[in-house]
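Reproduced below: entry_11.cif, with mmCIF, C-alpha atoms.
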data_target
#
loop_
_atom_site.label_atom_id
_atom_site.label_comp_id
_atom_site.auth_asym_id
_atom_site.auth_seq_id
_atom_site.Cartn_x
_atom_site.Cartn_y
_atom_site.Cartn_z
CA MET A 76 102.20 93.53 151.96
CA LYS A 77 105.10 93.94 149.58
CA VAL A 78 104.41 94.75 145.91
CA LEU A 79 107.26 94.56 143.39
CA LEU A 80 106.71 96.67 140.27
CA PRO A 81 108.29 96.57 136.80
CA SER A 82 110.26 99.48 135.37
CA PRO A 83 107.46 100.60 132.96
CA LEU A 84 105.38 101.49 136.05
CA ALA A 85 108.16 103.32 137.90
CA SER A 86 107.02 106.70 136.58
CA TYR A 87 103.91 106.35 138.77
CA THR A 88 105.82 105.65 142.00
CA ALA A 89 108.66 108.19 141.81
CA ASN A 90 110.86 105.30 140.65
CA ALA A 91 110.09 103.07 143.64
CA ARG A 92 110.17 99.46 142.46
CA GLU A 93 109.06 98.05 145.81
CA VAL A 94 106.03 99.51 147.58
CA GLN A 95 103.69 98.50 150.39
CA ALA A 96 99.94 98.05 149.91
CA THR A 97 96.94 96.65 151.74
CA GLY A 98 93.90 94.69 150.61
CA ALA A 99 92.18 91.34 150.93
CA THR A 100 92.22 90.77 147.15
CA LEU A 101 94.38 91.82 144.21
CA ASP A 102 91.54 94.17 143.23
CA GLU A 103 91.75 95.92 146.61
CA VAL A 104 95.53 96.12 146.45
CA LEU A 105 95.38 97.76 143.01
CA ARG A 106 92.80 100.25 144.30
CA ASP A 107 95.02 100.99 147.28
CA LEU A 108 97.99 101.60 144.97
CA ASP A 109 95.88 103.79 142.68
CA ARG A 110 94.92 106.08 145.58
CA ARG A 111 98.59 106.82 146.19
CA TYR A 112 99.84 106.49 142.61
CA PRO A 113 96.95 107.71 140.41
CA GLY A 114 96.72 105.95 137.07
CA ILE A 115 98.77 102.86 137.97
CA ARG A 116 95.75 100.53 138.20
CA PHE A 117 94.64 101.29 134.63
CA ARG A 118 98.11 100.35 133.40
CA VAL A 119 97.77 96.91 134.96
CA ILE A 120 94.13 96.10 134.22
CA ASP A 121 91.69 97.36 131.60
CA GLU A 122 88.20 98.78 132.00
CA GLN A 123 86.75 95.26 132.13
CA ASP A 124 89.03 94.40 135.08
CA ALA A 125 91.04 92.03 132.87
CA ILE A 126 94.80 91.90 133.36
CA ARG A 127 96.23 93.67 130.33
CA PRO A 128 98.19 91.94 127.58
CA HIS A 129 101.94 92.08 128.31
CA ILE A 130 101.27 92.14 132.10
CA LYS A 131 101.44 89.21 134.50
CA ILE A 132 100.78 89.23 138.24
CA PHE A 133 102.33 86.64 140.55
CA VAL A 134 101.30 86.05 144.18
CA ASN A 135 104.07 84.27 146.08
CA ARG A 136 105.53 83.32 142.67
CA GLU A 137 102.27 81.74 141.48
CA GLN A 138 100.57 83.44 138.55
CA ALA A 139 97.19 85.01 139.29
CA SER A 140 94.50 84.54 136.64
CA GLY A 141 92.44 87.54 137.73
CA ILE A 142 92.16 90.32 140.25
CA ALA A 143 89.58 88.49 142.40
CA ARG A 144 92.49 86.44 143.81
CA ARG A 145 92.33 86.55 147.63
CA LEU A 146 95.41 87.60 149.56
CA GLY A 147 96.89 87.12 153.01
CA PRO A 148 98.70 89.91 154.88
CA ASP A 149 102.12 88.37 154.28
CA ASP A 150 101.74 87.60 150.58
CA GLU A 151 104.20 89.05 148.12
CA ILE A 152 102.94 90.42 144.82
CA LEU A 153 105.12 90.64 141.73
CA VAL A 154 103.93 92.56 138.67
CA VAL A 155 105.82 91.74 135.47
CA ALA A 156 105.54 93.75 132.24
CA ALA A 157 106.29 93.28 128.55
CA LEU A 158 106.89 89.54 128.65
CA SER A 159 105.80 89.36 125.05
CA GLY A 160 107.46 92.59 124.00
CA GLY A 161 110.55 90.98 122.50
CA VAL B 109 96.04 110.52 126.91
CA PHE B 110 98.85 112.72 128.20
CA ARG B 111 98.76 116.54 128.19
CA SER B 112 101.58 119.02 128.13
CA GLU B 113 101.08 122.71 128.84
CA ASP B 114 104.75 123.68 128.51
CA ALA B 115 105.52 122.80 124.89
CA GLY B 116 106.37 119.19 125.69
CA ARG B 117 108.80 119.60 128.59
CA THR B 118 106.47 117.84 131.04
CA TRP B 119 103.44 115.62 130.53
CA LYS B 120 100.50 114.74 132.75
CA GLU B 121 98.25 111.74 132.30
CA ALA B 122 94.48 112.14 132.02
CA GLU B 123 92.77 111.58 135.36
CA THR B 124 89.94 109.64 133.73
CA PRO B 125 91.27 108.11 130.49
CA PRO B 126 89.05 107.07 127.59
CA ALA B 127 87.54 103.70 128.54
CA PHE B 128 84.47 101.72 127.61
CA PRO B 129 81.87 101.00 130.32
CA LYS B 130 82.23 97.83 132.30
CA ALA B 131 80.07 95.19 130.65
CA SER B 132 77.79 92.85 132.59
CA ASP B 133 77.90 90.41 129.67
CA PRO B 134 81.53 89.31 129.09
CA SER B 135 80.83 88.73 125.38
CA GLN B 136 80.05 92.47 125.05
CA ALA B 137 83.15 93.61 126.95
CA MET B 138 85.27 96.16 125.08
CA SER B 139 88.63 97.53 126.07
CA VAL B 140 90.47 100.52 124.59
CA SER B 141 93.73 99.27 123.11
CA HIS B 142 95.03 102.73 122.34
CA VAL B 143 93.96 106.28 121.57
CA PHE B 144 94.57 106.76 117.85
CA TRP B 145 93.29 110.28 117.07
CA LEU B 146 92.82 113.54 118.98
CA THR B 147 90.86 116.55 117.70
CA PRO B 148 90.09 119.83 119.47
CA GLY B 149 86.44 120.84 119.70
CA HIS B 150 84.76 123.71 117.88
CA SER B 151 86.29 127.16 118.39
CA SER B 152 83.24 128.01 120.53
CA GLN B 153 84.16 125.12 122.89
CA PRO B 154 87.80 125.77 123.85
CA GLN B 155 87.94 123.11 126.58
CA ARG B 156 86.45 120.36 124.41
CA TRP B 157 88.50 117.55 122.84
CA TYR B 158 87.47 114.42 120.99
CA ALA B 159 89.40 111.13 120.94
CA GLY B 160 89.10 108.20 118.54
CA THR B 161 90.34 104.82 119.71
CA SER B 162 91.21 101.32 118.64
CA PRO B 163 88.93 99.42 118.55
CA GLN B 164 86.57 102.01 117.08
CA GLY B 165 85.33 104.17 119.96
CA LEU B 166 84.55 107.88 120.36
CA PHE B 167 85.27 109.82 123.54
CA VAL B 168 84.90 113.46 124.58
CA SER B 169 86.49 115.70 127.20
CA ASP B 170 85.15 119.07 128.34
CA ASP B 171 88.07 119.99 130.57
CA GLY B 172 90.95 120.12 128.15
CA GLY B 173 91.62 116.37 128.15
CA ARG B 174 91.81 115.71 131.89
CA ASN B 175 88.64 113.61 132.11
CA TRP B 176 87.04 111.62 129.30
CA LYS B 177 83.66 110.01 128.78
CA GLY B 178 82.26 107.87 125.99
CA VAL B 179 80.02 109.29 123.27
CA GLU B 180 77.37 106.62 123.73
CA GLY B 181 75.49 107.63 120.58
CA PHE B 182 78.40 105.96 118.80
CA ASN B 183 79.94 103.52 121.29
CA SER B 184 76.60 101.97 122.28
CA ASN B 185 74.95 102.39 118.91
CA PRO B 186 73.10 99.16 118.01
CA ASP B 187 74.52 99.41 114.47
CA ARG B 188 78.15 99.92 115.54
CA LEU B 189 79.17 96.29 115.17
CA ASN B 190 77.52 96.12 111.74
CA TRP B 191 79.47 99.21 110.67
CA ILE B 192 82.90 98.08 111.89
CA GLY B 193 82.58 94.35 111.14
CA GLY B 194 84.70 91.72 112.82
CA LEU B 195 88.40 91.13 113.33
CA GLN B 196 88.73 89.97 109.73
CA ASP B 197 87.70 93.49 108.62
CA ALA B 198 90.26 95.32 110.76
CA PRO B 199 93.61 96.64 109.52
CA PRO B 200 96.77 94.87 110.76
CA ASP B 201 97.11 96.99 113.91
CA GLY B 202 93.42 96.84 114.74
CA GLY B 203 90.38 98.87 113.75
CA THR B 204 90.49 102.61 114.40
CA LEU B 205 88.19 105.60 114.68
CA HIS B 206 90.03 108.45 112.98
CA SER B 207 89.59 111.62 110.92
CA LEU B 208 87.52 113.18 113.68
CA SER B 209 86.47 116.62 112.47
CA VAL B 210 84.12 119.25 113.79
CA ASP B 211 82.31 121.29 111.15
CA PRO B 212 83.82 124.77 111.60
CA PHE B 213 80.37 126.22 110.88
CA ASP B 214 78.40 123.99 113.28
CA ALA B 215 79.73 122.72 116.64
CA GLU B 216 77.16 119.89 116.70
CA HIS B 217 78.13 118.59 113.27
CA LEU B 218 80.81 115.90 113.58
CA TYR B 219 82.56 113.73 111.00
CA ILE B 220 84.44 110.49 111.69
CA GLY B 221 86.24 107.83 109.67
CA LEU B 222 86.18 104.16 110.61
CA SER B 223 88.81 101.72 109.38
CA THR B 224 86.97 99.77 108.59
CA GLY B 225 83.42 101.00 108.51
CA GLY B 226 83.52 104.09 106.32
CA SER B 227 82.80 107.77 106.79
CA PHE B 228 79.96 108.89 109.06
CA GLU B 229 78.48 112.15 110.28
CA SER B 230 76.41 113.32 113.22
CA ARG B 231 74.39 116.53 113.29
CA ASP B 232 73.48 116.28 116.97
CA ALA B 233 76.89 116.27 118.68
CA GLY B 234 77.27 112.50 118.43
CA ALA B 235 73.84 111.32 119.55
CA SER B 236 73.04 109.76 116.17
CA TRP B 237 75.11 108.86 113.10
CA THR B 238 74.54 108.33 109.40
CA PRO B 239 76.90 106.84 106.80
CA LEU B 240 78.47 109.22 104.29
CA ASN B 241 79.92 106.90 101.66
CA ALA B 242 77.93 107.46 98.47
CA GLY B 243 80.29 107.32 95.52
CA ILE B 244 83.17 105.66 97.41
CA ALA B 245 84.56 102.42 95.99
CA ALA B 246 85.04 99.37 98.21
CA GLU B 247 86.65 96.74 96.01
CA PHE B 248 86.67 94.30 98.95
CA LEU B 249 82.85 94.39 99.32
CA PRO B 250 80.47 92.48 97.04
CA ASP B 251 77.98 95.36 96.84
CA PRO B 252 79.40 98.30 94.85
CA ASN B 253 76.82 100.57 96.49
CA ALA B 254 77.28 99.31 100.05
CA PRO B 255 76.19 102.04 102.49
CA TYR B 256 79.08 101.30 104.87
CA GLY B 257 82.03 98.96 105.35
CA HIS B 258 84.47 101.18 103.42
CA ASP B 259 88.03 102.02 104.43
CA PRO B 260 88.73 105.75 104.55
CA HIS B 261 92.38 106.36 105.34
CA CYS B 262 92.19 110.10 105.98
CA MET B 263 89.25 112.48 105.63
CA ARG B 264 89.66 116.25 105.98
CA VAL B 265 87.02 118.97 106.30
CA HIS B 266 87.88 122.33 104.80
CA PRO B 267 88.45 124.84 107.61
CA LYS B 268 87.21 127.94 105.77
CA VAL B 269 84.73 126.95 103.07
CA ARG B 270 81.51 125.31 104.18
CA GLY B 271 80.69 121.79 103.02
CA ILE B 272 83.93 120.80 101.25
CA LEU B 273 85.64 117.53 102.22
CA TYR B 274 88.50 115.51 100.78
CA GLN B 275 89.36 111.90 101.44
CA GLN B 276 92.25 109.54 100.77
CA ASN B 277 90.59 106.14 100.86
CA HIS B 278 91.93 102.59 100.61
CA CYS B 279 90.27 102.72 97.19
CA GLY B 280 91.16 106.12 95.79
CA ILE B 281 91.12 109.88 96.34
CA TYR B 282 87.77 111.67 96.63
CA ARG B 283 86.24 115.13 97.00
CA LEU B 284 82.82 115.79 98.45
CA ASP B 285 80.79 118.94 97.92
CA ARG B 286 77.84 118.75 100.29
CA ALA B 287 75.76 120.54 97.66
CA ASN B 288 75.82 117.26 95.68
CA ASP B 289 76.42 114.85 98.58
CA ARG B 290 78.19 112.28 96.46
CA TRP B 291 81.94 111.70 96.63
CA MET B 292 83.74 112.21 93.31
CA ARG B 293 86.80 110.06 92.62
CA ILE B 294 89.27 112.82 91.75
CA GLY B 295 92.06 110.24 92.00
CA ASP B 296 90.97 109.06 88.54
CA ASN B 297 92.80 112.15 87.29
CA MET B 298 96.12 111.08 88.82
CA PRO B 299 98.78 109.68 86.44
CA LYS B 300 97.91 106.05 85.80
CA ASP B 301 101.45 104.85 86.61
CA ILE B 302 101.18 106.47 90.05
CA GLY B 303 97.61 105.59 90.95
CA ASP B 304 95.56 107.09 93.75
CA ILE B 305 96.42 104.95 96.75
CA GLY B 306 97.95 106.38 99.91
CA PHE B 307 97.33 107.38 103.50
CA PRO B 308 97.42 111.15 104.21
CA MET B 309 95.23 113.91 102.75
CA THR B 310 96.29 117.52 103.35
CA LEU B 311 94.20 120.60 102.59
CA HIS B 312 95.20 124.16 101.82
CA PRO B 313 94.22 126.29 104.84
CA ARG B 314 92.29 128.76 102.64
CA ASP B 315 91.82 127.61 99.03
CA PRO B 316 89.15 124.87 98.78
CA LYS B 317 90.45 123.72 95.40
CA THR B 318 94.01 122.95 96.58
CA ALA B 319 95.00 119.71 98.31
CA TRP B 320 97.99 117.38 98.58
CA VAL B 321 98.44 113.60 98.71
CA PHE B 322 101.51 111.40 99.05
CA PRO B 323 100.90 108.34 96.86
CA MET B 324 101.91 104.85 97.89
CA ASP B 325 102.30 101.81 95.69
CA GLY B 326 98.86 100.25 95.53
CA GLY B 327 100.03 97.29 93.46
CA THR B 328 98.92 93.75 93.93
CA VAL B 329 100.72 93.14 97.22
CA TRP B 330 100.19 96.62 98.68
CA PRO B 331 103.80 97.37 99.71
CA ARG B 332 102.73 100.80 101.09
CA VAL B 333 105.90 102.54 99.90
CA SER B 334 106.63 105.30 97.38
CA VAL B 335 105.83 104.23 93.84
CA GLY B 336 109.02 102.95 92.19
CA GLY B 337 111.14 104.12 95.13
CA ARG B 338 110.74 107.73 93.95
CA PRO B 339 108.82 109.65 96.63
CA ALA B 340 106.68 112.61 95.61
CA ALA B 341 103.76 114.68 96.78
CA TYR B 342 101.01 115.44 94.30
CA VAL B 343 99.03 118.65 94.41
CA THR B 344 95.76 119.64 92.82
CA ARG B 345 94.86 123.31 92.48
CA ASP B 346 91.60 122.78 90.61
CA ALA B 347 89.60 120.59 93.00
CA GLY B 348 91.06 117.37 91.62
CA ALA B 349 90.63 117.93 87.89
CA SER B 350 94.41 117.74 87.48
CA TRP B 351 97.45 116.86 89.60
CA GLN B 352 101.07 117.99 89.51
CA ARG B 353 104.06 116.02 90.79
CA GLN B 354 106.20 117.70 93.48
CA ASP B 355 109.51 115.92 94.07
CA ARG B 356 112.24 118.58 93.91
CA GLY B 357 114.64 117.92 96.80
CA LEU B 358 113.27 114.46 97.52
CA PRO B 359 115.44 111.39 96.74
CA ALA B 360 115.36 110.56 93.02
CA GLU B 361 115.57 106.78 93.43
CA GLN B 362 115.71 103.90 95.89
CA ALA B 363 113.73 105.75 98.56
CA TRP B 364 110.94 103.60 99.90
CA PHE B 365 109.03 106.08 102.06
CA THR B 366 105.88 105.20 103.93
CA VAL B 367 103.89 108.22 105.15
CA LYS B 368 101.09 107.39 107.55
CA ARG B 369 97.66 109.01 107.56
CA GLN B 370 98.42 111.52 110.34
CA ALA B 371 102.00 112.17 109.22
CA MET B 372 101.44 114.94 106.64
CA THR B 373 100.17 118.41 107.44
CA ALA B 374 100.12 122.05 106.37
CA ASP B 375 100.64 125.26 108.31
CA THR B 376 98.60 128.42 107.81
CA LEU B 377 101.34 130.63 106.35
CA ASP B 378 101.37 132.22 102.89
CA PRO B 379 102.91 130.51 101.02
CA VAL B 380 101.74 127.38 102.83
CA GLY B 381 104.37 125.24 104.58
CA LEU B 382 104.00 121.48 104.20
CA TYR B 383 105.47 118.77 106.41
CA PHE B 384 105.54 114.99 106.36
CA GLY B 385 107.18 112.25 108.41
CA THR B 386 108.18 108.76 107.35
CA THR B 387 108.15 105.42 109.09
CA GLY B 388 111.93 105.52 108.63
CA GLY B 389 112.14 108.43 111.07
CA GLU B 390 112.63 111.40 108.76
CA VAL B 391 110.69 114.68 108.71
CA TRP B 392 110.59 116.63 105.44
CA ALA B 393 109.40 120.20 104.97
CA SER B 394 108.48 122.50 102.12
CA ARG B 395 108.31 126.27 102.56
CA ASP B 396 106.80 126.84 99.10
CA GLU B 397 103.62 124.75 98.96
CA GLY B 398 105.44 121.60 97.88
CA ALA B 399 107.52 123.08 95.04
CA SER B 400 110.71 122.00 96.86
CA TRP B 401 111.47 119.82 99.87
CA GLU B 402 114.23 119.47 102.44
CA CYS B 403 114.81 116.92 105.18
CA ILE B 404 114.65 118.79 108.49
CA ARG B 405 115.09 115.82 110.85
CA SER B 406 116.32 112.27 110.51
CA HIS B 407 117.11 109.26 112.72
CA LEU B 408 113.85 109.57 114.64
CA PRO B 409 111.77 106.50 115.47
CA GLN B 410 108.80 105.77 113.23
CA VAL B 411 106.81 108.98 112.71
CA HIS B 412 103.12 108.41 113.38
CA ALA B 413 101.85 112.00 113.27
CA VAL B 414 103.01 115.49 112.33
CA GLU B 415 101.28 118.72 113.38
CA ALA B 416 102.28 122.30 112.56
CA ALA B 417 101.84 125.27 114.86
CA ILE B 418 103.07 128.83 114.66
CA ALA B 419 105.33 129.55 117.65
CA GLU B 420 104.45 132.84 119.33
#
Whole structure given in structure tokens:
Amino acid sequence: MKVLLPSPLASYTANAREVQATGATLDEVLRDLDRRYPGIRFRVIDEQDAIRPHIKIFVNREQASGIARRLGPDDEILVVAALSGG
Amino acid sequence: VFRSEDAGRTWKEAETPPAFPKASDPSQAMSVSHVFWLTPGHSSQPQRWYAGTSPQGLFVSDDGGRNWKGVEGFNSNPDRLNWIGGLQDAPPDGGTLHSLSVDPFDAEHLYIGLSTGGSFESRDAGASWTPLNAGIAAEFLPDPNAPYGHDPHCMRVHPKVRGILYQQNHCGIYRLDRANDRWMRIGDNMPKDIGDIGFPMTLHPRDPKTAWVFPMDGGTVWPRVSVGGRPAAYVTRDAGASWQRQDRGLPAEQAWFTVKRQAMTADTLDPVGLYFGTTGGEVWASRDEGASWECIRSHLPQVHAVEAAIAE
């Protein structure tokens, strides 16, 4: 599925802002991304698996409340950063 | 935590960053907001580093900072929450574990500062901890002899002379000689119109009686800027019995510097070079132990920390 990433995470993906990932949940998608882009998962969620402050994740333009959110193969994921950064 | 091995040209992120364990009970869940302090291990442990975080957590790496694990003797200590208090006890940017020092004479002997919480030491490489606050004032606590709950701003362990520590606290400047094991408020000997409030504490690399502070206005509203808009370092050369003002080269008026706790340091040269950075983005240096100062860099962002190293 397609994952759209914000500019603060571009250093992990060689500046790619749109990447492909697989997984049945947001958790699995973040693990898949972390295998190819080490460190990116910990920028999105903390050690308690909570979505970090200043990060929001949307699935098909609906905000996800946590990484247990189930996904279909054609879903589109949008990660947004620094909403509250001014 | 990011590492550079080429003098800052490139940086690599830690493979396993400092992080608390995943909690089964959500009410006990802790998350590292940021790494606040980094300290290399004892000279006998060249790959070891320690990290202090916000909220107050202690982490260690034994591979030069690539992989980190928690020091559970502190992070999971049943007294930790009593020591650090609640959100109402934390400074504006959150509580921090700082002033991490390894006793140069004993690799297992660690010192830490907690804001808030106080000063603590461990003699078993972090497995157990005891408060080290006797003699320190805490004007915000009802008990004048409270064992913990204090607010050290910057504690330094002398690198050459065993058992000598200095501390700039929220409530004054102190010196500790482990032979007595009670902090002495040497800030009482500062000029009364300057006071003994500030953030950094800088030690002479060899002489245990010489140390520098950079006083801030500790008046009623705590503006955290140079007293009267006239910045100055103060040096003691007699273990705090007396202090001398050092402001030659610094602005004479209308200069409202704030120097944070990690933003003043000394090199190991003779005479000692001193350096400090301001929240206004300037770095000042003295090549003569503080007798005169010059601005060596300006227009930087806020300076959080300054370190000195001799380039080979």
Could you tell me which of A:Leu108, A:Ile130, A:Ile120, A:Val155 comes closest to chain B if we count only C-alpha atoms?
A:Ile120
How would you write, as a CSV table (one decimal) with C-alpha atoms, keeping the file's coordinate frame, the residues chosen by the PyMOL selection byres ((chain A) within 9 of (chain B)) on this structure?
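selection.csv written:
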chain,number,residue,atom,x,y,z
A,113,PRO,CA,97.0,107.7,140.4
A,114,GLY,CA,96.7,106.0,137.1
A,117,PHE,CA,94.6,101.3,134.6
A,121,ASP,CA,91.7,97.4,131.6
A,122,GLU,CA,88.2,98.8,132.0
A,123,GLN,CA,86.8,95.3,132.1
A,124,ASP,CA,89.0,94.4,135.1
Can you pull out the residues contacting region 405-416 of chain B? Cut-off 9 Å, using only C-alpha atoms, and skip same-chain residues under 5 positions away; I want them as a list in words.
Val367, Lys368, Arg369, Gln370, Ala371, Met372, Thr373, Ala374, Asp375, Thr376, Gly381, Leu382, Tyr383, Phe384, Gly385, Thr386, Thr387, Gly388, Gly389, Glu390, Val391 and Trp392 of chain B
Could you check how far CA of Arg231 (chain B) sits from CA of Glu216 (chain B), in Å to one decimal?
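It comes out at 5.5 Å.
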Taking the file as shown, find all residues satisfying the PyMOL selection byres ((chain B and resi 212) around 9) and write them as a short mmCIF file (atom, residue, chain, number, x, y, z; two decimals) with C-alpha atoms, in the coordinates of the input.
data_model
loop_
_atom_site.label_atom_id
_atom_site.label_comp_id
_atom_site.auth_asym_id
_atom_site.auth_seq_id
_atom_site.Cartn_x
_atom_site.Cartn_y
_atom_site.Cartn_z
CA HIS B 150 84.76 123.71 117.88
CA SER B 151 86.29 127.16 118.39
CA SER B 209 86.47 116.62 112.47
CA VAL B 210 84.12 119.25 113.79
CA ASP B 211 82.31 121.29 111.15
CA PHE B 213 80.37 126.22 110.88
CA ASP B 214 78.40 123.99 113.28
CA ALA B 215 79.73 122.72 116.64
CA HIS B 217 78.13 118.59 113.27
CA VAL B 265 87.02 118.97 106.30
CA HIS B 266 87.88 122.33 104.80
CA PRO B 267 88.45 124.84 107.61
CA LYS B 268 87.21 127.94 105.77
CA VAL B 269 84.73 126.95 103.07
CA ARG B 270 81.51 125.31 104.18
#
For the file shown, what are the residues hit by the PyMOL selection byres ((chain A and resi 139-145) around 9), laid out as a list in words?
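Given this file, the PyMOL selection byres ((chain A and resi 139-145) around 9) evaluates to Gly98, Ala99, Thr100, Leu101, Asp102, Glu103, Leu105, Ile120, Asp124, Ala125, Ile126, Lys131, Ile132, Phe133, Val134, Glu137, Gln138, Leu146 and Gly147 of chain A.
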Å distance separating CA of Ile418 (chain B) from CA of Ala347 (chain B), one decimal place
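Between CA of Ile418 (chain B) and CA of Ala347 (chain B) the gap works out to 26.8 Å.
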Mind pulling up the distance from CA of Phe322 (chain B) to CA of Ile305 (chain B)?
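Interatomic distance here is 8.5 Å.
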Around (90.8, 117.0, 106.6) in the file's frame, which residues reach within 10 Å when counting all atoms listed in the file? Return as a list in words?
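Residues with an atom at most 10 Å from (90.8, 117.0, 106.6): Ser207, Leu208, Ser209, Tyr219, Cys262, Met263, Arg264, Val265, His266, Pro267, Ile272, Leu273, Tyr274, Gln275, Gln276, Pro308, Met309, Thr310, Leu311, His312, Ala319 and Thr373 of chain B.
Around region 226-230 of chain B, within 9 Å and counting all atoms listed in the file, the residues found are Trp191, Ile192, Ser207, Glu216, His217, Leu218, Tyr219, Ile220, Gly221, Ala235, Ser236, Trp237, Thr238, Pro239, Leu240, Asn241, Pro255, Tyr256, Gly257, His258, Asp259, Pro260 and Met263 of chain B, once anything fewer than 5 positions away on its own chain is removed.
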Please tell me which residues are no farther than 6 Å from (108.8, 92.8, 138.6) in the file, counting only C-alpha atoms, and write them as a short mmCIF file (atom, residue, chain, number, x, y, z; two decimals) with C-alpha atoms, keeping the file's coordinate frame.
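Result file is result-v1.cif:
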data_model
loop_
_atom_site.label_atom_id
_atom_site.label_comp_id
_atom_site.auth_asym_id
_atom_site.auth_seq_id
_atom_site.Cartn_x
_atom_site.Cartn_y
_atom_site.Cartn_z
CA LEU A 79 107.26 94.56 143.39
CA LEU A 80 106.71 96.67 140.27
CA PRO A 81 108.29 96.57 136.80
CA LEU A 153 105.12 90.64 141.73
CA VAL A 154 103.93 92.56 138.67
CA VAL A 155 105.82 91.74 135.47
#
Ranking B:Ile302, B:Met292, B:Val168, B:Ala246 by minimum distance to Arg338 (chain B) and counting all atoms listed in the file, which one comes first?
B:Ile302
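Shell of Trp401 (chain B) at 7 Å, with all atoms listed in the file counted and residues fewer than 4 places along the chain excluded, is Arg356, Gly357, Leu358, Trp392, Ala393 and Ser394 of chain B.
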Rank B:Ala419, B:Ala233, B:Val109, B:Leu205 by their smallest atom-to-atom distance to Pro163 (chain B), using all atoms listed in the file, and report the top residue only.
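Of the candidates, the smallest distance to Pro163 (chain B) is held by B:Leu205.
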Using all atoms listed in the file for the distances, tell me which of B:Gly149, B:Pro316, B:Gly160, B:Gly173 is nearest to Gly271 (chain B).
B:Pro316
For Ser86 (chain A): contacts at 12 Å, all atoms listed in the file, fewer than 2 positions along chain excluded, given as number ranges by chain
A: 80-84, 88-92, 112-115, 118; B: 119-121
For Ala159 (chain B): contacts at 6 Å, all atoms listed in the file, fewer than 5 positions along chain excluded, given as a PDB file with C-alpha atoms, keeping the file's coordinate frame:
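out_28.pdb, written as the output of this step:
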ATOM      1  CA  TRP B 145      93.290 110.280 117.070  1.00  0.00           C
ATOM      2  CA  LEU B 146      92.820 113.540 118.980  1.00  0.00           C
ATOM      3  CA  LEU B 166      84.550 107.880 120.360  1.00  0.00           C
ATOM      4  CA  PHE B 167      85.270 109.820 123.540  1.00  0.00           C
TER       5      PHE B 167
END
